[in-house]
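Visitor: Got a file for you: final-v4.cif, mmCIF, C-alpha atoms and all ligand atoms.
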data_model
#
loop_
_atom_site.group_PDB
_atom_site.id
_atom_site.type_symbol
_atom_site.label_atom_id
_atom_site.label_comp_id
_atom_site.auth_asym_id
_atom_site.auth_seq_id
_atom_site.Cartn_x
_atom_site.Cartn_y
_atom_site.Cartn_z
ATOM 1 C CA MET N 29 -129.786 23.176 -7.933
ATOM 2 C CA ARG N 30 -132.501 23.621 -5.352
ATOM 3 C CA ASP N 31 -132.137 21.637 -2.181
ATOM 4 C CA ASN N 32 -135.307 19.592 -1.957
ATOM 5 C CA GLY N 33 -134.221 18.092 1.322
ATOM 6 C CA ARG N 34 -133.910 14.526 0.070
ATOM 7 C CA VAL N 35 -130.535 12.866 0.234
ATOM 8 C CA ASN N 36 -129.332 9.511 -0.960
ATOM 9 C CA ASP N 37 -127.770 7.057 1.389
ATOM 10 C CA ALA N 38 -125.254 4.812 -0.308
ATOM 11 C CA LYS N 39 -125.494 2.288 2.507
ATOM 12 C CA SER N 40 -129.055 1.395 1.600
ATOM 13 C CA ARG N 41 -128.410 1.597 -2.136
ATOM 14 C CA VAL N 42 -125.513 -0.805 -2.462
ATOM 15 C CA ALA N 43 -126.097 -4.526 -2.204
ATOM 16 C CA GLY N 44 -123.834 -6.067 0.403
ATOM 17 C CA ALA N 45 -122.697 -2.723 1.694
ATOM 18 C CA THR N 46 -121.248 -2.578 5.152
ATOM 19 C CA GLU N 47 -121.551 0.245 7.655
ATOM 20 C CA GLN N 48 -118.587 1.799 5.882
ATOM 21 C CA GLY N 49 -119.911 1.173 2.369
ATOM 22 C CA SER N 50 -118.581 -1.420 -0.064
ATOM 23 C CA ARG N 51 -116.485 0.780 -2.333
ATOM 24 C CA LEU N 52 -112.790 1.447 -2.384
ATOM 25 C CA TYR N 53 -113.224 4.003 0.357
ATOM 26 C CA PRO N 54 -116.040 4.774 2.797
ATOM 27 C CA ARG N 55 -118.378 7.406 1.461
ATOM 28 C CA VAL N 56 -121.955 8.495 0.979
ATOM 29 C CA THR N 57 -123.246 9.728 -2.345
ATOM 30 C CA SER N 58 -122.750 13.340 -3.383
ATOM 31 C CA PHE N 59 -126.121 13.728 -5.086
ATOM 32 C CA ARG N 60 -129.703 14.190 -4.029
ATOM 33 C CA SER N 61 -132.446 11.928 -5.243
ATOM 34 C CA ARG N 62 -134.378 14.065 -7.722
ATOM 35 C CA ARG N 63 -137.410 12.847 -9.587
ATOM 36 C CA GLY N 64 -138.271 14.247 -12.955
ATOM 37 C CA ALA N 65 -140.270 12.935 -15.855
ATOM 38 C CA LEU N 66 -139.121 13.366 -19.431
ATOM 39 C CA THR N 67 -141.314 15.290 -21.832
ATOM 40 C CA ASP N 68 -142.589 13.296 -24.810
ATOM 41 C CA PRO N 69 -140.009 14.821 -27.198
ATOM 42 C CA GLN N 70 -137.247 14.125 -24.651
ATOM 43 C CA GLN N 71 -138.399 10.514 -24.317
ATOM 44 C CA GLN N 72 -138.418 10.122 -28.089
ATOM 45 C CA THR N 73 -134.884 11.504 -28.366
ATOM 46 C CA TRP N 74 -133.835 9.251 -25.474
ATOM 47 C CA ASP N 75 -135.260 6.190 -27.227
ATOM 48 C CA ARG N 76 -133.420 7.079 -30.429
ATOM 49 C CA LEU N 77 -130.000 7.919 -28.980
ATOM 50 C CA TRP N 78 -129.599 6.075 -25.697
ATOM 51 C CA PRO N 79 -128.920 2.608 -27.167
ATOM 52 C CA THR N 80 -125.866 3.906 -29.031
ATOM 53 C CA ILE N 81 -124.481 6.875 -27.108
ATOM 54 C CA GLY N 82 -125.869 6.308 -23.592
ATOM 55 C CA ALA N 83 -125.227 3.696 -20.935
ATOM 56 C CA ASP N 84 -125.989 3.043 -17.299
ATOM 57 C CA VAL N 85 -123.097 2.908 -14.899
ATOM 58 C CA SER N 86 -121.932 -0.655 -14.303
ATOM 59 C CA ASP N 87 -118.956 -2.556 -12.959
ATOM 60 C CA ALA N 88 -117.715 -3.479 -16.448
ATOM 61 C CA PRO N 89 -114.595 -1.689 -17.734
ATOM 62 C CA LEU N 90 -115.510 0.745 -20.499
ATOM 63 C CA ASP N 91 -114.156 0.226 -24.016
ATOM 64 C CA ILE N 92 -113.825 3.931 -24.776
ATOM 65 C CA ALA N 93 -112.318 3.609 -28.255
ATOM 66 C CA GLY N 94 -114.914 0.996 -29.222
ATOM 67 C CA TRP N 95 -117.784 3.174 -27.994
ATOM 68 C CA PHE N 96 -116.586 6.289 -29.832
ATOM 69 C CA GLY N 97 -115.282 4.355 -32.816
ATOM 70 C CA ARG N 98 -111.901 6.021 -32.560
ATOM 71 C CA GLU N 99 -108.841 6.501 -30.374
ATOM 72 C CA ALA N 100 -108.750 10.093 -29.111
ATOM 73 C CA PRO N 101 -107.968 12.034 -25.936
ATOM 74 C CA THR N 102 -110.790 11.391 -23.471
ATOM 75 C CA ILE N 103 -112.307 14.059 -21.236
ATOM 76 C CA VAL N 104 -114.844 13.244 -18.512
ATOM 77 C CA GLU N 105 -117.343 15.733 -17.101
ATOM 78 C CA ILE N 106 -118.746 14.820 -13.707
ATOM 79 C CA GLY N 107 -122.258 16.111 -12.952
ATOM 80 C CA SER N 108 -123.036 17.520 -16.393
ATOM 81 C CA GLY N 109 -126.479 18.795 -15.320
ATOM 82 C CA THR N 110 -128.417 19.796 -18.423
ATOM 83 C CA GLY N 111 -125.257 19.528 -20.527
ATOM 84 C CA THR N 112 -124.936 23.169 -21.626
ATOM 85 C CA ALA N 113 -121.187 23.214 -21.002
ATOM 86 C CA THR N 114 -120.751 19.677 -22.340
ATOM 87 C CA ALA N 115 -122.322 20.459 -25.701
ATOM 88 C CA ALA N 116 -120.474 23.756 -26.155
ATOM 89 C CA MET N 117 -117.100 22.345 -25.140
ATOM 90 C CA ALA N 118 -117.526 19.243 -27.321
ATOM 91 C CA LYS N 119 -118.001 21.519 -30.322
ATOM 92 C CA ALA N 120 -114.791 23.361 -29.407
ATOM 93 C CA GLU N 121 -112.932 20.024 -29.051
ATOM 94 C CA PRO N 122 -113.870 17.918 -32.086
ATOM 95 C CA HIS N 123 -110.585 15.995 -31.676
ATOM 96 C CA ALA N 124 -111.542 14.778 -28.159
ATOM 97 C CA ASN N 125 -113.930 12.108 -26.858
ATOM 98 C CA LEU N 126 -116.196 13.586 -24.158
ATOM 99 C CA ILE N 127 -117.998 11.474 -21.573
ATOM 100 C CA ALA N 128 -120.709 13.214 -19.525
ATOM 101 C CA ILE N 129 -121.691 11.536 -16.256
ATOM 102 C CA GLU N 130 -124.903 12.540 -14.503
ATOM 103 C CA VAL N 131 -127.486 10.887 -12.271
ATOM 104 C CA TYR N 132 -130.343 13.227 -13.248
ATOM 105 C CA ARG N 133 -132.176 11.709 -16.219
ATOM 106 C CA PRO N 134 -134.008 14.865 -17.399
ATOM 107 C CA GLY N 135 -130.636 16.651 -17.506
ATOM 108 C CA LEU N 136 -129.151 13.890 -19.643
ATOM 109 C CA ALA N 137 -132.227 14.017 -21.872
ATOM 110 C CA GLN N 138 -131.626 17.728 -22.508
ATOM 111 C CA LEU N 139 -128.036 16.962 -23.455
ATOM 112 C CA LEU N 140 -129.202 14.215 -25.825
ATOM 113 C CA GLN N 141 -131.537 16.730 -27.468
ATOM 114 C CA ALA N 142 -128.639 19.156 -27.979
ATOM 115 C CA ILE N 143 -126.483 16.363 -29.397
ATOM 116 C CA GLU N 144 -129.203 15.447 -31.881
ATOM 117 C CA ARG N 145 -130.144 19.026 -32.770
ATOM 118 C CA ASP N 146 -126.547 20.120 -33.382
ATOM 119 C CA SER N 147 -125.254 16.760 -34.705
ATOM 120 C CA ILE N 148 -122.461 16.586 -32.111
ATOM 121 C CA PRO N 149 -120.554 13.364 -32.752
ATOM 122 C CA ASN N 150 -118.053 13.285 -29.882
ATOM 123 C CA ILE N 151 -120.175 12.954 -26.703
ATOM 124 C CA ARG N 152 -121.207 9.787 -24.856
ATOM 125 C CA VAL N 153 -123.333 9.858 -21.706
ATOM 126 C CA LEU N 154 -123.273 7.686 -18.605
ATOM 127 C CA ARG N 155 -126.100 7.651 -16.075
ATOM 128 C CA GLY N 156 -125.080 6.986 -12.500
ATOM 129 C CA ASP N 157 -122.558 7.833 -9.833
ATOM 130 C CA ALA N 158 -119.366 9.256 -11.302
ATOM 131 C CA VAL N 159 -117.288 7.822 -8.468
ATOM 132 C CA ASP N 160 -118.416 4.329 -9.502
ATOM 133 C CA VAL N 161 -117.432 5.164 -13.077
ATOM 134 C CA LEU N 162 -113.975 6.290 -12.011
ATOM 135 C CA GLU N 163 -113.500 3.284 -9.769
ATOM 136 C CA ASN N 164 -114.832 0.525 -11.979
ATOM 137 C CA MET N 165 -115.245 1.591 -15.583
ATOM 138 C CA LEU N 166 -112.154 3.668 -16.317
ATOM 139 C CA GLY N 167 -108.578 2.461 -16.189
ATOM 140 C CA PRO N 168 -105.525 4.125 -14.662
ATOM 141 C CA GLU N 169 -104.093 6.926 -16.827
ATOM 142 C CA SER N 170 -106.966 6.725 -19.305
ATOM 143 C CA LEU N 171 -108.159 10.349 -19.189
ATOM 144 C CA THR N 172 -106.713 13.536 -20.638
ATOM 145 C CA GLY N 173 -109.056 15.698 -18.630
ATOM 146 C CA VAL N 174 -111.694 15.728 -15.902
ATOM 147 C CA ARG N 175 -114.195 18.560 -15.444
ATOM 148 C CA VAL N 176 -116.339 19.235 -12.395
ATOM 149 C CA PHE N 177 -118.448 22.352 -12.829
ATOM 150 C CA PHE N 178 -120.519 23.555 -9.893
ATOM 151 C CA PRO N 179 -120.519 20.413 -7.767
ATOM 152 C CA ASP N 180 -123.246 20.456 -5.109
ATOM 153 C CA PRO N 181 -121.697 22.373 -2.184
ATOM 154 C CA TRP N 182 -123.513 20.590 0.662
ATOM 155 C CA PRO N 183 -123.107 23.714 2.815
ATOM 156 C CA LYS N 184 -124.206 22.284 6.177
ATOM 157 C CA ALA N 185 -121.305 20.918 8.196
ATOM 158 C CA ARG N 186 -123.089 17.630 8.854
ATOM 159 C CA HIS N 187 -123.353 17.116 5.074
ATOM 160 C CA HIS N 188 -119.724 17.867 4.223
ATOM 161 C CA LYS N 189 -119.025 14.142 4.020
ATOM 162 C CA ARG N 190 -121.284 14.143 0.943
ATOM 163 C CA ARG N 191 -119.090 16.566 -0.964
ATOM 164 C CA LEU N 192 -117.815 15.034 -4.150
ATOM 165 C CA LEU N 193 -114.469 16.783 -4.115
ATOM 166 C CA GLN N 194 -112.531 15.572 -1.109
ATOM 167 C CA GLY N 195 -109.281 13.682 -0.621
ATOM 168 C CA PRO N 196 -110.248 10.192 -1.874
ATOM 169 C CA THR N 197 -111.978 11.535 -4.989
ATOM 170 C CA PHE N 198 -108.988 13.729 -5.829
ATOM 171 C CA LYS N 199 -106.761 10.659 -5.519
ATOM 172 C CA LEU N 200 -109.074 8.632 -7.758
ATOM 173 C CA ILE N 201 -109.281 11.389 -10.377
ATOM 174 C CA ALA N 202 -105.506 11.866 -10.301
ATOM 175 C CA GLU N 203 -104.938 8.149 -10.812
ATOM 176 C CA ARG N 204 -107.249 8.141 -13.841
ATOM 177 C CA LEU N 205 -105.512 11.118 -15.490
ATOM 178 C CA ILE N 206 -102.583 10.654 -17.836
ATOM 179 C CA PRO N 207 -99.375 12.443 -16.801
ATOM 180 C CA GLY N 208 -99.926 16.072 -17.821
ATOM 181 C CA GLY N 209 -103.722 15.547 -17.775
ATOM 182 C CA VAL N 210 -105.859 18.330 -16.339
ATOM 183 C CA LEU N 211 -108.545 18.595 -13.659
ATOM 184 C CA HIS N 212 -110.732 21.694 -14.104
ATOM 185 C CA VAL N 213 -113.159 22.689 -11.350
ATOM 186 C CA ALA N 214 -115.525 25.643 -11.031
ATOM 187 C CA THR N 215 -117.698 26.556 -8.063
ATOM 188 C CA ASP N 216 -119.794 29.516 -6.910
ATOM 189 C CA HIS N 217 -119.545 28.529 -3.244
ATOM 190 C CA ALA N 218 -116.713 30.400 -1.517
ATOM 191 C CA GLU N 219 -116.273 28.048 1.430
ATOM 192 C CA TYR N 220 -116.419 24.922 -0.778
ATOM 193 C CA ALA N 221 -113.847 26.579 -3.075
ATOM 194 C CA GLU N 222 -111.418 26.806 -0.156
ATOM 195 C CA TRP N 223 -112.142 23.218 0.845
ATOM 196 C CA ILE N 224 -111.606 22.046 -2.754
ATOM 197 C CA ALA N 225 -108.345 23.995 -3.090
ATOM 198 C CA GLU N 226 -107.005 22.527 0.152
ATOM 199 C CA ALA N 227 -107.941 18.943 -0.740
ATOM 200 C CA GLY N 228 -106.671 19.228 -4.322
ATOM 201 C CA ASN N 229 -103.374 20.794 -3.269
ATOM 202 C CA ALA N 230 -102.884 17.977 -0.745
ATOM 203 C CA GLU N 231 -103.003 15.310 -3.477
ATOM 204 C CA PRO N 232 -99.379 14.476 -4.361
ATOM 205 C CA LEU N 233 -100.246 13.391 -7.919
ATOM 206 C CA LEU N 234 -101.671 16.829 -8.719
ATOM 207 C CA THR N 235 -100.000 20.193 -9.073
ATOM 208 C CA PRO N 236 -101.867 23.526 -9.264
ATOM 209 C CA LEU N 237 -101.588 25.155 -12.686
ATOM 210 C CA ASP N 238 -101.265 28.823 -13.405
ATOM 211 C CA TRP N 239 -104.550 30.050 -14.848
ATOM 212 C CA ASP N 240 -102.932 32.854 -16.859
ATOM 213 C CA ASP N 241 -100.581 30.396 -18.575
ATOM 214 C CA LEU N 242 -103.510 28.159 -19.439
ATOM 215 C CA ALA N 243 -105.430 31.083 -20.932
ATOM 216 C CA GLN N 244 -102.619 31.364 -23.459
ATOM 217 C CA GLY N 245 -103.332 27.736 -24.378
ATOM 218 C CA PRO N 246 -100.494 25.295 -23.725
ATOM 219 C CA ALA N 247 -99.373 23.798 -27.016
ATOM 220 C CA ASP N 248 -99.702 20.200 -25.846
ATOM 221 C CA SER N 249 -103.178 20.419 -24.225
ATOM 222 C CA PRO N 250 -106.106 19.160 -26.305
ATOM 223 C CA MET N 251 -108.526 20.652 -23.743
ATOM 224 C CA THR N 252 -110.320 23.933 -23.969
ATOM 225 C CA HIS N 253 -110.658 25.788 -20.678
ATOM 226 C CA GLU N 254 -113.282 28.188 -21.948
ATOM 227 C CA ARG N 255 -116.593 27.430 -20.242
ATOM 228 C CA PRO N 256 -119.907 28.753 -21.489
ATOM 229 C CA VAL N 257 -122.063 30.335 -18.765
ATOM 230 C CA THR N 258 -124.719 27.790 -17.806
ATOM 231 C CA LYS N 259 -128.195 28.600 -16.486
ATOM 232 C CA PHE N 260 -126.986 27.468 -13.077
ATOM 233 C CA GLU N 261 -123.973 29.787 -13.196
ATOM 234 C CA ASN N 262 -126.100 32.633 -14.476
ATOM 235 C CA LYS N 263 -128.283 32.428 -11.366
ATOM 236 C CA ALA N 264 -125.191 32.517 -9.141
ATOM 237 C CA GLN N 265 -123.939 35.619 -10.914
ATOM 238 C CA GLN N 266 -127.322 37.328 -10.605
ATOM 239 C CA VAL N 267 -127.210 37.007 -6.818
ATOM 240 C CA GLY N 268 -123.601 38.198 -6.735
ATOM 241 C CA ARG N 269 -121.806 34.932 -5.929
ATOM 242 C CA PRO N 270 -118.312 35.040 -7.431
ATOM 243 C CA ILE N 271 -117.144 32.042 -9.462
ATOM 244 C CA THR N 272 -113.898 30.333 -8.461
ATOM 245 C CA GLU N 273 -112.038 28.296 -11.086
ATOM 246 C CA LEU N 274 -109.434 25.771 -9.960
ATOM 247 C CA ILE N 275 -107.154 23.795 -12.186
ATOM 248 C CA TRP N 276 -104.552 21.106 -11.554
ATOM 249 C CA GLY N 277 -102.222 19.073 -13.734
ATOM 250 C CA LYS N 278 -101.268 15.439 -13.139
ATOM 251 C CA VAL N 279 -97.597 15.351 -12.292
ATOM 252 C CA ARG N 280 -95.330 13.986 -14.987
ATOM 253 C CA ALA N 281 -92.984 11.242 -13.802
HETATM 254 C C1 LIG V 1 -125.182 21.955 -9.050
HETATM 255 S S1 LIG V 1 -125.411 20.880 -10.376
HETATM 256 C C2 LIG V 1 -124.335 21.556 -11.651
HETATM 257 C C3 LIG V 1 -124.667 21.051 -13.030
HETATM 258 C C4 LIG V 1 -123.770 21.549 -14.186
HETATM 259 N N1 LIG V 1 -122.395 21.091 -14.009
HETATM 260 C C5 LIG V 1 -123.835 23.047 -14.355
HETATM 261 O O1 LIG V 1 -122.816 23.701 -14.207
HETATM 262 O O2 LIG V 1 -124.925 23.564 -14.638
HETATM 263 C C6 LIG V 1 -124.505 19.444 -9.839
HETATM 264 C C7 LIG V 1 -124.858 18.211 -10.643
HETATM 265 O O3 LIG V 1 -123.991 17.153 -10.290
HETATM 266 C C8 LIG V 1 -124.731 15.949 -10.289
HETATM 267 N N2 LIG V 1 -123.980 15.004 -9.432
HETATM 268 C C9 LIG V 1 -123.661 15.169 -8.129
HETATM 269 N N3 LIG V 1 -122.929 14.133 -7.692
HETATM 270 C C10 LIG V 1 -122.786 13.299 -8.753
HETATM 271 C C11 LIG V 1 -122.131 12.065 -8.925
HETATM 272 N N4 LIG V 1 -121.474 11.469 -7.900
HETATM 273 N N5 LIG V 1 -122.180 11.464 -10.125
HETATM 274 C C12 LIG V 1 -122.830 12.060 -11.151
HETATM 275 N N6 LIG V 1 -123.465 13.239 -11.065
HETATM 276 C C13 LIG V 1 -123.440 13.850 -9.868
HETATM 277 C C14 LIG V 1 -126.089 16.333 -9.770
HETATM 278 O O4 LIG V 1 -127.081 15.432 -10.175
HETATM 279 C C15 LIG V 1 -126.268 17.715 -10.406
HETATM 280 O O5 LIG V 1 -126.947 17.647 -11.636
#
What would the structure in this file look like if it were written as structure tokens?
Ligand SMILES: C[S@@+](CC[C@H](N)C(=O)[O-])C[C@H]1O[C@@H](n2cnc3c(N)ncnc32)[C@H](O)[C@@H]1O
Guide:
Amino acid sequence: MRDNGRVNDAKSRVAGATEQGSRLYPRVTSFRSRRGALTDPQQQTWDRLWPTIGADVSDAPLDIAGWFGREAPTIVEIGSGTGTATAAMAKAEPHANLIAIEVYRPGLAQLLQAIERDSIPNIRVLRGDAVDVLENMLGPESLTGVRVFFPDPWPKARHHKRRLLQGPTFKLIAERLIPGGVLHVATDHAEYAEWIAEAGNAEPLLTPLDWDDLAQGPADSPMTHERPVTKFENKAQQVGRPITELIWGKVRA
């Protein structure tokens, strides 16, 4: 994603926020404010699908089974962008409920179009800050998997506090995973990859998994770990940035 220089400031966004923010831990948001209008066809798809399979982030706990109309392993993707990976992985995981969380409305609209075009039944979309979703809408040990593909790297040192994947978020994600649940991360930013690895390995509820073992497909995992190459990733590859994949499992008691 291009850096357009605008950044969000959670302090001004959250009613009643203190200097430290009003959430469970002090933080600023990990996303930039990006404007973008929907095309007419996107708006029409949005109007058709949003009332049933889309929702804005709120403080109300999410009734996942009610929303999907079934009990199934639930996998959350944080920052789904235009939803290329979401749509492909949902097709490979018909037995799982997938929730895509994204702040960028045109990206969500593209995912809605793919859902409609390909009749994908097992995706729901949430618009807003994924950390709020994890904190307020999802219960402890409610998720089989969490995916974070190409989180914004915030390369400047003064912006590192905006990085999504740091200690408190790892803790939150780990608490939301079921024992044996999986966190799958991919990044094309070498320095952020090291930062992510260090923070993830420091979380006591998570244990690094062996990628080669996962490629064989563990019998008890309902998650696919095969990612399609997104437009974003394609650009990274074209300019020679290697992709780092990181994967952790929630410790079993
Ligand atoms: C670099 S893009 C990657 C998009 C997609 N995962 C891909 O691989 O093409 C990062 C995305 O994460 C979204 N994002 C960043 N922080 C977020 C947050 N806290 N909650 C929801 N979405 C977030 C941004 O809006 C952006 O679309």
Visitor: Go ahead and compute the interatomic distance for CA of Leu77 in chain N and CA of Leu140 in chain N, in Å to one decimal.
Guide: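 Result for CA of Leu77 in chain N versus CA of Leu140 in chain N: 7.1 Å, one decimal.
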Visitor: Fewer than 2 positions away in the same chain doesn't count, so skip those; otherwise give me all residues within 12 Å of Leu200 in chain N, counting all atoms listed in the file, as a PyMOL selection string.
Guide: chain N and resi 52-53+158-164+166-171+174+192-198+202-205+211+228+231-234+278
Visitor: Taking (-117.8, 27.4, -6.9) in the coordinates of the supplied file, I want to know which residues reach to within 10 Å of it, counting all atoms listed in the file; could you give the answer as a ChimeraX atom specification?
Guide: /N:176-181,213-222,224,261,264,269-274
Visitor: Just want the residues within 6 Å of ligand LIG 1 (chain V), written as a list in words, counting all atoms listed in the file.
Guide: Met29, Ser58, Phe59, Ile106, Gly107, Ser108, Gly109, Ile129, Glu130, Val131, Tyr132, Gly156, Asp157, Ala158, Val159, Phe177, Phe178, Pro179, Asp180, Thr258 and Phe260 of chain N
Visitor: Output C-alpha atoms for every residue in the selection just made, as a compact mmCIF listing (two decimals), in the frame of the given file.
Guide:
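Final output, saved to result08.txt:
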# COMPACT_ATOMS: atom_id res chain seq x y z
CA MET N 29 -129.79 23.18 -7.93
CA SER N 58 -122.75 13.34 -3.38
CA PHE N 59 -126.12 13.73 -5.09
CA ILE N 106 -118.75 14.82 -13.71
CA GLY N 107 -122.26 16.11 -12.95
CA SER N 108 -123.04 17.52 -16.39
CA GLY N 109 -126.48 18.80 -15.32
CA ILE N 129 -121.69 11.54 -16.26
CA GLU N 130 -124.90 12.54 -14.50
CA VAL N 131 -127.49 10.89 -12.27
CA TYR N 132 -130.34 13.23 -13.25
CA GLY N 156 -125.08 6.99 -12.50
CA ASP N 157 -122.56 7.83 -9.83
CA ALA N 158 -119.37 9.26 -11.30
CA VAL N 159 -117.29 7.82 -8.47
CA PHE N 177 -118.45 22.35 -12.83
CA PHE N 178 -120.52 23.56 -9.89
CA PRO N 179 -120.52 20.41 -7.77
CA ASP N 180 -123.25 20.46 -5.11
CA THR N 258 -124.72 27.79 -17.81
CA PHE N 260 -126.99 27.47 -13.08
Visitor: So that I can check the surroundings of range 152-155 of chain N, please list as a ChimeraX atom specification every protein, DNA and RNA residue that reaches within 7 Å of it, counting only C-alpha atoms and ignoring chain neighbours fewer than 6 positions away.
Guide: /N:81-85,126-131
Visitor: Ranking N:Ala225, N:Leu66, N:Ile201, N:Val279 by minimum distance to Glu105 in chain N and counting all atoms listed in the file, which one comes first?
Guide: N:Ile201
